[in-house]
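Below is one structure, written out as structure tokens; the observations come after it.
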Amino acid sequence: MIRTSLRQLEYFEALAETLHFGRAAALCGVTQPALSAQIAELEEVLGCRLFNRARRAVSLTEEGHILLPQATSILQAARSLESSGQRPSSMQGRFRLGLIPTIAPYLLPPLLPALRETFPAFQLELREALTPHLTGALLAGEIDAFIAALPIEERQLTATPLFVESFFLAVPASDPDFIAPPVPPDSPALERLMLLEEGHCLREQALAVCTQVKPVAMKRFGATSLTTLLQMVANGLGVTLIPQMAVPSADTIAGLKIVPFAAPAPTRAIALFQRRNGLRRDECDTLAGLIRETWKASEQAGRGVLPG
């Protein structure tokens, strides 16, 4: 009789990868005591210790190192079998997707109708939050995947690239400093750059763009949404960075002008993140493909780019 379960091997793989009981439990979506109990039961069944447990560190024993490639091979085969068996019903049921605030309002309007038309049984549940919060939610099993900007330094996650978009500069329409774009990276006007508050990845990207000037306006102004920043710009309070996907909605704001940067224009890479050993890889791959198609269609239709 086989007494070793796939669940135990999955917990073993997660602990071997993280070497931390709390993080491994979060990765598997269970409590730490439940994971510890399953690891202990696996060790009892195999008749050996798989981990050295110290007060501040966890490490694989020699037996653990021997078991790891075998466990990985078994789990890969099981996941492949499960995916094969589920293929006829893929893209059905509940899927919890997170998005950062500088992507959600601009990507969802074209994406949601495409999802409803292509996969009507796909029940998408959405969460908008900052990258650190989405990362924690994914590791805790509260969401199935999220869309954000690269890079994210978290070894328990894997990223599927979606697309790369350019940055532009939003300025007051009557601003004399921007009569002749494109904007060079050392333009004095960038000293008037206004940023989103701490925690937004767009803030860090804006600072990375403006390495040759020292923004002054950011000390006086801040906002929690790009929409608020654009309204501030339209009223002459400064300038701000805007991603390509937000350009169409920005064009509807009176008193606002969008201008390009000098080549090479700054960009950001967008990706779909999932847990490294997650079981919804097929759905994530299908969703990523649809997002790429939606973005490509948006570009070809002239949405998300400046008019020629």
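Residues are referred to by chain and number: the chain letter is A, B, ... according to the order shown in the structure tokens, the number counts from 1 in that chain, and ligands are numbered separately from 1 in the order shown.
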Output as a tab-separated table one row per residue of stretch 37-116 of chain A within 9 Å of stretch 139-150 of chain A: the closest atom pair and its distance in Å to one decimal place, counting only C-alpha atoms, sorted by chain and residue number ascending.
residue	atom	partner	partner_atom	distance
A:Phe95	CA	A:Asp144	CA	6.4
A:Arg96	CA	A:Ile143	CA	4.8
A:Leu97	CA	A:Ala145	CA	5.2
A:Gly98	CA	A:Phe146	CA	4.1
A:Leu99	CA	A:Ile147	CA	4.8
A:Ile100	CA	A:Ala148	CA	5.8
A:Thr102	CA	A:Ala148	CA	8.8
A:Ile103	CA	A:Ala148	CA	7.4
A:Ala104	CA	A:Ile147	CA	8.6
- Item | All alpha helix (DSSP H) residues (DSSP, backbone) inside stretch 106-282 of chain A, as number ranges by chain | A: 106-118, 131-139, 201-209, 226-234, 247-250, 281-282
Saved selection, atoms kept: N, CA and C atoms, as a tab-separated table (two decimals), in the first residue's frame:
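File written: selection-v9.tsv
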chain	number	residue	atom	x	y	z
A	106	TYR	N	-7.09	50.69	-17.20
A	106	TYR	CA	-6.79	50.85	-18.62
A	106	TYR	C	-6.78	49.52	-19.37
A	107	LEU	N	-6.41	48.44	-18.69
A	107	LEU	CA	-6.37	47.13	-19.33
A	107	LEU	C	-7.73	46.43	-19.29
A	108	LEU	N	-8.47	46.63	-18.20
A	108	LEU	CA	-9.72	45.88	-18.03
A	108	LEU	C	-10.80	46.24	-19.06
A	109	PRO	N	-10.99	47.50	-19.45
A	109	PRO	CA	-12.08	47.80	-20.41
A	109	PRO	C	-11.99	47.01	-21.71
A	110	PRO	N	-10.81	46.83	-22.34
A	110	PRO	CA	-10.79	45.98	-23.52
A	110	PRO	C	-10.70	44.49	-23.20
A	111	LEU	N	-10.13	44.14	-22.02
A	111	LEU	CA	-9.91	42.73	-21.71
A	111	LEU	C	-11.18	42.02	-21.29
A	112	LEU	N	-12.00	42.64	-20.46
A	112	LEU	CA	-13.18	41.95	-19.92
A	112	LEU	C	-14.18	41.55	-21.01
A	113	PRO	N	-14.50	42.42	-21.96
A	113	PRO	CA	-15.40	41.97	-23.04
A	113	PRO	C	-14.81	40.82	-23.86
A	114	ALA	N	-13.49	40.86	-24.09
A	114	ALA	CA	-12.85	39.77	-24.83
A	114	ALA	C	-12.94	38.46	-24.06
A	115	LEU	N	-12.78	38.51	-22.74
A	115	LEU	CA	-12.90	37.31	-21.92
A	115	LEU	C	-14.32	36.76	-21.94
A	116	ARG	N	-15.31	37.65	-21.81
A	116	ARG	CA	-16.71	37.20	-21.81
A	116	ARG	C	-17.07	36.55	-23.14
A	117	GLU	N	-16.56	37.10	-24.23
A	117	GLU	CA	-16.89	36.57	-25.53
A	117	GLU	C	-16.18	35.25	-25.81
A	118	THR	N	-14.91	35.16	-25.41
A	118	THR	CA	-14.11	33.98	-25.73
A	118	THR	C	-14.33	32.86	-24.73
A	131	THR	N	1.60	46.40	-5.58
A	131	THR	CA	2.37	45.18	-5.83
A	131	THR	C	2.70	44.38	-4.57
A	132	PRO	N	3.19	45.01	-3.49
A	132	PRO	CA	3.50	44.21	-2.29
A	132	PRO	C	2.28	43.48	-1.74
A	133	HIS	N	1.12	44.13	-1.79
A	133	HIS	CA	-0.10	43.49	-1.27
A	133	HIS	C	-0.53	42.32	-2.16
A	134	LEU	N	-0.40	42.50	-3.48
A	134	LEU	CA	-0.76	41.41	-4.39
A	134	LEU	C	0.20	40.24	-4.25
A	135	THR	N	1.47	40.53	-4.04
A	135	THR	CA	2.46	39.46	-3.85
A	135	THR	C	2.12	38.64	-2.62
A	136	GLY	N	1.81	39.33	-1.52
A	136	GLY	CA	1.42	38.63	-0.30
A	136	GLY	C	0.16	37.82	-0.47
A	137	ALA	N	-0.82	38.38	-1.19
A	137	ALA	CA	-2.08	37.67	-1.41
A	137	ALA	C	-1.88	36.42	-2.25
A	138	LEU	N	-1.00	36.50	-3.24
A	138	LEU	CA	-0.74	35.34	-4.09
A	138	LEU	C	-0.04	34.24	-3.30
A	139	LEU	N	0.95	34.61	-2.51
A	139	LEU	CA	1.68	33.62	-1.71
A	139	LEU	C	0.78	32.99	-0.65
A	201	CYS	N	4.66	51.29	-7.81
A	201	CYS	CA	5.85	51.01	-8.63
A	201	CYS	C	6.07	52.10	-9.67
A	202	LEU	N	4.99	52.79	-10.09
A	202	LEU	CA	5.14	53.87	-11.06
A	202	LEU	C	5.98	55.00	-10.50
A	203	ARG	N	5.96	55.17	-9.20
A	203	ARG	CA	6.80	56.20	-8.56
A	203	ARG	C	8.27	55.88	-8.78
A	204	GLU	N	8.65	54.61	-8.52
A	204	GLU	CA	10.04	54.21	-8.70
A	204	GLU	C	10.45	54.29	-10.17
A	205	GLN	N	9.53	53.95	-11.07
A	205	GLN	CA	9.84	54.01	-12.49
A	205	GLN	C	10.05	55.45	-12.93
A	206	ALA	N	9.26	56.37	-12.37
A	206	ALA	CA	9.41	57.78	-12.72
A	206	ALA	C	10.76	58.31	-12.24
A	207	LEU	N	11.15	57.93	-11.06
A	207	LEU	CA	12.44	58.37	-10.54
A	207	LEU	C	13.59	57.79	-11.35
A	208	ALA	N	13.42	56.55	-11.84
A	208	ALA	CA	14.45	55.93	-12.67
A	208	ALA	C	14.59	56.67	-14.00
A	209	VAL	N	13.47	57.19	-14.53
A	209	VAL	CA	13.51	57.94	-15.79
A	209	VAL	C	14.25	59.26	-15.60
A	226	LEU	N	-3.34	57.79	-10.47
A	226	LEU	CA	-2.85	58.51	-11.64
A	226	LEU	C	-3.88	59.52	-12.12
A	227	THR	N	-5.16	59.22	-11.98
A	227	THR	CA	-6.21	60.15	-12.39
A	227	THR	C	-6.10	61.47	-11.64
A	228	THR	N	-5.84	61.38	-10.33
A	228	THR	CA	-5.68	62.60	-9.53
A	228	THR	C	-4.46	63.39	-10.00
A	229	LEU	N	-3.36	62.71	-10.25
A	229	LEU	CA	-2.16	63.38	-10.74
A	229	LEU	C	-2.43	64.12	-12.05
A	230	LEU	N	-3.16	63.48	-12.96
A	230	LEU	CA	-3.43	64.10	-14.25
A	230	LEU	C	-4.31	65.35	-14.10
A	231	GLN	N	-5.23	65.32	-13.16
A	231	GLN	CA	-6.05	66.50	-12.91
A	231	GLN	C	-5.18	67.63	-12.34
A	232	MET	N	-4.22	67.29	-11.50
A	232	MET	CA	-3.31	68.30	-10.96
A	232	MET	C	-2.46	68.91	-12.07
A	233	VAL	N	-2.01	68.06	-13.00
A	233	VAL	CA	-1.23	68.56	-14.13
A	233	VAL	C	-2.07	69.49	-14.99
A	234	ALA	N	-3.31	69.09	-15.27
A	234	ALA	CA	-4.18	69.90	-16.11
A	234	ALA	C	-4.43	71.28	-15.52
A	247	VAL	N	-2.89	56.73	-22.05
A	247	VAL	CA	-2.96	57.89	-22.92
A	247	VAL	C	-4.37	58.16	-23.45
A	248	PRO	N	-5.14	57.15	-23.93
A	248	PRO	CA	-6.47	57.45	-24.46
A	248	PRO	C	-7.38	58.15	-23.45
A	249	SER	N	-7.40	57.71	-22.20
A	249	SER	CA	-8.25	58.36	-21.20
A	249	SER	C	-7.71	59.74	-20.84
A	250	ALA	N	-6.38	59.92	-20.87
A	250	ALA	CA	-5.80	61.22	-20.56
A	250	ALA	C	-6.14	62.24	-21.63
A	281	ARG	N	-1.58	26.67	-14.21
A	281	ARG	CA	-0.66	27.17	-15.22
A	281	ARG	C	-1.32	27.27	-16.59
A	282	ASP	N	-2.13	26.29	-16.94
A	282	ASP	CA	-2.79	26.32	-18.24
A	282	ASP	C	-3.68	27.55	-18.38
- Message: So that I can check the surroundings of A:Pro181, please list as number ranges by chain every protein, DNA and RNA residue that reaches within 12 Å of it, counting only C-alpha atoms and ignoring chain neighbours fewer than 2 positions away.
- Response: A: 168-171, 175-179, 183-185, 187, 189, 257-263
- Distance of atom CA of A:Asn277 from atom CA of A:Leu157, expressed in Å to one decimal place: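 Atom CA of A:Asn277 lies at a distance of 8.4 Å from atom CA of A:Leu157.
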- Write out as a ChimeraX atom specification which residues come within 9 Å of A:Thr160 when counting only C-alpha atoms, dropping same-chain ones fewer than 5 positions away. /A:270-274,284-285,288
Dump of N, CA, C and O atoms for the selected residues, as a compact mmCIF listing (two decimals), in the first residue's frame:
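Dumped everything to again_25.txt:
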# COMPACT_ATOMS: atom_id res chain seq x y z
N ILE A 270 5.29 44.60 -18.58
CA ILE A 270 4.15 44.10 -17.82
C ILE A 270 4.14 42.58 -17.90
O ILE A 270 4.38 42.00 -18.96
N ALA A 271 3.84 41.92 -16.77
CA ALA A 271 3.86 40.46 -16.73
C ALA A 271 2.71 39.94 -15.88
O ALA A 271 2.13 40.65 -15.06
N LEU A 272 2.39 38.67 -16.10
CA LEU A 272 1.41 37.94 -15.29
C LEU A 272 2.19 37.06 -14.32
O LEU A 272 3.01 36.23 -14.74
N PHE A 273 1.94 37.24 -13.03
CA PHE A 273 2.68 36.51 -12.00
C PHE A 273 1.79 35.41 -11.40
O PHE A 273 0.61 35.63 -11.13
N GLN A 274 2.41 34.24 -11.17
CA GLN A 274 1.72 33.14 -10.51
C GLN A 274 2.72 32.43 -9.60
O GLN A 274 3.92 32.68 -9.67
N CYS A 284 -3.44 30.34 -16.69
CA CYS A 284 -2.59 31.54 -16.72
C CYS A 284 -1.99 31.74 -18.10
O CYS A 284 -1.93 32.87 -18.61
N ASP A 285 -1.56 30.64 -18.73
CA ASP A 285 -1.00 30.75 -20.08
C ASP A 285 -2.05 31.23 -21.08
O ASP A 285 -1.78 32.06 -21.95
N ALA A 288 -2.79 34.88 -20.40
CA ALA A 288 -1.67 35.70 -20.88
C ALA A 288 -1.76 35.88 -22.39
O ALA A 288 -1.53 36.98 -22.92
- Item | DSSP strand (DSSP E or B) residues within stretch 8-231 of chain A, as a PyMOL selection string | chain A and resi 51-53+58-60+93-99+122-128+145-149+157-172+183+193+196+223
- Shell around A:Ser59 at 9 Å using only C-alpha atoms, local window under 2 positions removed, as a list in words: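 With the cut-off at 9 Å, the set is Ala16, Leu19, His20, Leu50, Phe51, Asn52, Arg53, Ala54, Ala57, Thr61 and Gly64 of chain A.
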- Task: Return the single residue from A:Leu162, A:Ser298, A:Leu287, A:Asp186 that is closest to A:Ala269, with distances computed using only C-alpha atoms.
- Result: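 Looking only at the distances to A:Ala269, the closest residue turns out to be A:Leu162.
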